[in-house]
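Visitor: Okay, here's the structure, questions in a sec.
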Amino acid sequence: MSEPQVSVIVVDDHPVVLEGLRRGLGQQPGLEIVAACSDPSSVLRNVARHRPSVVLTDLKMPDREQGLNLIRNVMEGHPNTRCVVLTYSEDPDDLFEANQAGAAAYVLKDSSLEEIATAVKVVAAGGRPPLKPDLEAMLWSRLRETAAQGRPYNLTDREWNVLRLISQGFTNQEICQQLYLSGRTVRRAATEIFRKLGVRNRAEAASFATQKGWFLN
């Protein structure tokens with residue numbers, strides 16, 4: 001029995017790279033490339049049309065902010081589609097910002113087609129492929145730094161990041177994968193968030209954060 005097909009949109013503003021990804025990944029078992037896009041507006045149109053499992057996108061389109069906005073827009077408009085960043089950059093700022101925007105994985109362009117395909121399939125199945133150890137250390141360091149400047153309601157950095165993902169509609173399992181935490185730790189953080197904000201559940205916590213404008217940027 002053949003493995004189920006994972007529908008993918010590939011995104012890169014360099015035509016040669018884009019065509020190489022379309023052809024190369026299209027030959028990988030288990031992947032179906034439903035569109036290849038070179039600009040953010042065409043990505044959103046094609047996501048609405050094809051409802052892919054994964055958008056595999058370059059981060060700098062041509063600058064980082066455009067790539068981050070693309071990820072945010074996909075996550076907000078199509079929460080069942082997951083985003084994988086494919087980039088040459090090992091800049092910790094790029095990794096951190098992609099994570100904050102909602103990317104489910106961060107894959108380097110020097111990876112083989114087989115490695116990229118595996119990462120896409122892991123993400124489509126609800127998982128998170130491992131980062132290189134040095135990149136994971138960088139991400140953890142930056143996540144810890146986010147709490148350095150007084151969080152409201154005495155939220156810790158962990159609670160702040162869990163609340164951010166709750167507000168973006170992530171499930172507990174997805175939050176575990178995003179922040180590399182255990183299910184027990186995420187549940188405990190959520191309980192503390194509810195207590196500190198004076199809310200009863202995830203929906204109320206997300207509504208509270210939205211009203212405060214905490215995660216709108």
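By convention here, the chains of the structure tokens are called A, B, ... in the order presented, each chain's residues are numbered starting at 1, and ligands are numbered starting at 1 in the order presented.
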I'd like the contact shell of stretch 6-12 of chain A - 7 Å cut-off, only C-alpha atoms, skipping same-chain residues fewer than 6 positions apart - returned as a PDB file with N, CA and C atoms, in the first residue's frame.
Guide:
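Listing of out03.pdb after writing:
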```pdb
ATOM      1  N   LEU A  18      13.074  27.754  -6.884  1.00  0.00           N
ATOM      2  CA  LEU A  18      11.674  27.331  -6.831  1.00  0.00           C
ATOM      3  C   LEU A  18      11.421  26.147  -7.753  1.00  0.00           C
ATOM      4  N   ARG A  22      10.291  22.371  -6.758  1.00  0.00           N
ATOM      5  CA  ARG A  22       9.066  21.793  -7.314  1.00  0.00           C
ATOM      6  C   ARG A  22       9.342  20.441  -7.960  1.00  0.00           C
ATOM      7  N   GLY A  30       5.269  10.223  -1.351  1.00  0.00           N
ATOM      8  CA  GLY A  30       4.427  10.741  -0.287  1.00  0.00           C
ATOM      9  C   GLY A  30       4.153  12.224  -0.359  1.00  0.00           C
ATOM     10  N   LEU A  31       4.755  12.931  -1.322  1.00  0.00           N
ATOM     11  CA  LEU A  31       4.526  14.373  -1.456  1.00  0.00           C
ATOM     12  C   LEU A  31       3.835  14.685  -2.781  1.00  0.00           C
ATOM     13  N   GLU A  32       2.902  15.624  -2.723  1.00  0.00           N
ATOM     14  CA  GLU A  32       2.258  16.143  -3.929  1.00  0.00           C
ATOM     15  C   GLU A  32       2.410  17.657  -3.923  1.00  0.00           C
ATOM     16  N   ILE A  33       3.137  18.198  -4.865  1.00  0.00           N
ATOM     17  CA  ILE A  33       3.330  19.639  -4.959  1.00  0.00           C
ATOM     18  C   ILE A  33       2.139  20.224  -5.711  1.00  0.00           C
ATOM     19  N   VAL A  34       1.289  20.931  -5.003  1.00  0.00           N
ATOM     20  CA  VAL A  34       0.054  21.438  -5.613  1.00  0.00           C
ATOM     21  C   VAL A  34       0.221  22.829  -6.193  1.00  0.00           C
ATOM     22  N   ALA A  35       1.282  23.538  -5.789  1.00  0.00           N
ATOM     23  CA  ALA A  35       1.554  24.861  -6.350  1.00  0.00           C
ATOM     24  C   ALA A  35       2.978  25.261  -6.009  1.00  0.00           C
ATOM     25  N   ALA A  36       3.557  26.102  -6.884  1.00  0.00           N
ATOM     26  CA  ALA A  36       4.879  26.687  -6.644  1.00  0.00           C
ATOM     27  C   ALA A  36       4.724  28.190  -6.807  1.00  0.00           C
ATOM     28  N   CYS A  37       5.066  28.942  -5.766  1.00  0.00           N
ATOM     29  CA  CYS A  37       4.772  30.377  -5.735  1.00  0.00           C
ATOM     30  C   CYS A  37       6.033  31.183  -5.478  1.00  0.00           C
ATOM     31  N   SER A  38       6.086  32.369  -6.091  1.00  0.00           N
ATOM     32  CA  SER A  38       7.259  33.220  -5.929  1.00  0.00           C
ATOM     33  C   SER A  38       6.975  34.509  -5.176  1.00  0.00           C
ATOM     34  N   PRO A  52      -3.526  23.132   1.348  1.00  0.00           N
ATOM     35  CA  PRO A  52      -2.439  22.153   1.491  1.00  0.00           C
ATOM     36  C   PRO A  52      -2.183  21.797   2.943  1.00  0.00           C
ATOM     37  N   SER A  53      -1.520  20.661   3.147  1.00  0.00           N
ATOM     38  CA  SER A  53      -1.103  20.286   4.495  1.00  0.00           C
ATOM     39  C   SER A  53       0.043  21.171   4.965  1.00  0.00           C
ATOM     40  N   VAL A  54       0.943  21.524   4.038  1.00  0.00           N
ATOM     41  CA  VAL A  54       2.166  22.242   4.402  1.00  0.00           C
ATOM     42  C   VAL A  54       2.487  23.307   3.360  1.00  0.00           C
ATOM     43  N   VAL A  55       2.913  24.472   3.849  1.00  0.00           N
ATOM     44  CA  VAL A  55       3.559  25.479   3.004  1.00  0.00           C
ATOM     45  C   VAL A  55       5.035  25.465   3.349  1.00  0.00           C
ATOM     46  N   LEU A  56       5.863  25.153   2.368  1.00  0.00           N
ATOM     47  CA  LEU A  56       7.318  25.124   2.539  1.00  0.00           C
ATOM     48  C   LEU A  56       7.854  26.417   1.939  1.00  0.00           C
ATOM     49  N   THR A  57       8.342  27.319   2.789  1.00  0.00           N
ATOM     50  CA  THR A  57       8.654  28.658   2.301  1.00  0.00           C
ATOM     51  C   THR A  57      10.037  29.146   2.701  1.00  0.00           C
ATOM     52  N   ASP A  58      10.631  29.886   1.800  1.00  0.00           N
ATOM     53  CA  ASP A  58      11.828  30.647   2.129  1.00  0.00           C
ATOM     54  C   ASP A  58      11.444  31.703   3.155  1.00  0.00           C
ATOM     55  N   LYS A 121       6.906  15.764   5.900  1.00  0.00           N
ATOM     56  CA  LYS A 121       5.957  14.705   6.281  1.00  0.00           C
ATOM     57  C   LYS A 121       5.794  14.620   7.791  1.00  0.00           C
ATOM     58  N   ALA A 124       3.455  17.476   8.650  1.00  0.00           N
ATOM     59  CA  ALA A 124       2.090  17.178   8.208  1.00  0.00           C
ATOM     60  C   ALA A 124       1.399  16.195   9.140  1.00  0.00           C
TER      61      ALA A 124
END
```
Visitor: Sort by chain and increasing residue number a table of all residues of stretch 136-202 of chain A within 12 Å of stretch 72-88 of chain A, each with its closest pair of atoms and their distance in Å to one decimal, counting only C-alpha atoms, and write it as a tab-separated table.
Guide:
```
residue	atom	partner	partner_atom	distance
A:Leu165	CA	A:Met75	CA	11.1
A:Ser167	CA	A:Glu76	CA	10.5
A:Gln168	CA	A:Glu76	CA	7.3
A:Gly169	CA	A:Pro79	CA	7.5
A:Phe170	CA	A:Pro79	CA	8.5
A:Thr171	CA	A:Pro79	CA	10.9
A:Glu174	CA	A:Arg82	CA	10.7
A:Gln178	CA	A:Arg82	CA	11.9
```
Visitor: Selection from above, N, CA and C atoms, as a PDB file, in the first residue's frame, can you write it?
Guide:
```
ATOM      1  N   LEU A 165       0.882  31.008  22.029  1.00  0.00           N
ATOM      2  CA  LEU A 165       0.473  29.934  21.135  1.00  0.00           C
ATOM      3  C   LEU A 165      -0.982  29.546  21.337  1.00  0.00           C
ATOM      4  N   SER A 167      -3.231  31.675  22.055  1.00  0.00           N
ATOM      5  CA  SER A 167      -3.935  32.748  21.358  1.00  0.00           C
ATOM      6  C   SER A 167      -3.935  32.550  19.853  1.00  0.00           C
ATOM      7  N   GLN A 168      -2.935  31.818  19.352  1.00  0.00           N
ATOM      8  CA  GLN A 168      -2.852  31.543  17.921  1.00  0.00           C
ATOM      9  C   GLN A 168      -3.579  30.263  17.536  1.00  0.00           C
ATOM     10  N   GLY A 169      -4.235  29.630  18.507  1.00  0.00           N
ATOM     11  CA  GLY A 169      -5.052  28.460  18.199  1.00  0.00           C
ATOM     12  C   GLY A 169      -4.341  27.126  18.238  1.00  0.00           C
ATOM     13  N   PHE A 170      -3.112  27.089  18.761  1.00  0.00           N
ATOM     14  CA  PHE A 170      -2.383  25.832  18.820  1.00  0.00           C
ATOM     15  C   PHE A 170      -2.959  24.924  19.909  1.00  0.00           C
ATOM     16  N   THR A 171      -2.985  23.628  19.662  1.00  0.00           N
ATOM     17  CA  THR A 171      -3.371  22.655  20.678  1.00  0.00           C
ATOM     18  C   THR A 171      -2.213  22.458  21.655  1.00  0.00           C
ATOM     19  N   GLU A 174       0.616  20.659  19.994  1.00  0.00           N
ATOM     20  CA  GLU A 174       1.395  21.522  19.108  1.00  0.00           C
ATOM     21  C   GLU A 174       2.274  22.481  19.902  1.00  0.00           C
ATOM     22  N   GLN A 178       6.217  23.075  19.575  1.00  0.00           N
ATOM     23  CA  GLN A 178       6.765  24.399  19.290  1.00  0.00           C
ATOM     24  C   GLN A 178       7.824  24.801  20.313  1.00  0.00           C
TER      25      GLN A 178
END
```
Visitor: Separation of atom CA of A:Arg195 and atom CA of A:Ala103, in Å?
Guide: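 According to the coordinates, atom CA of A:Arg195 and atom CA of A:Ala103 are separated by 28.4 Å.
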Visitor: From a DSSP calculation on the backbone, collect every residue of chain A in strand (DSSP E) and output the set as a ChimeraX atom specification.
Guide: /A:6-11,31-37,54-57,82-87,105-108
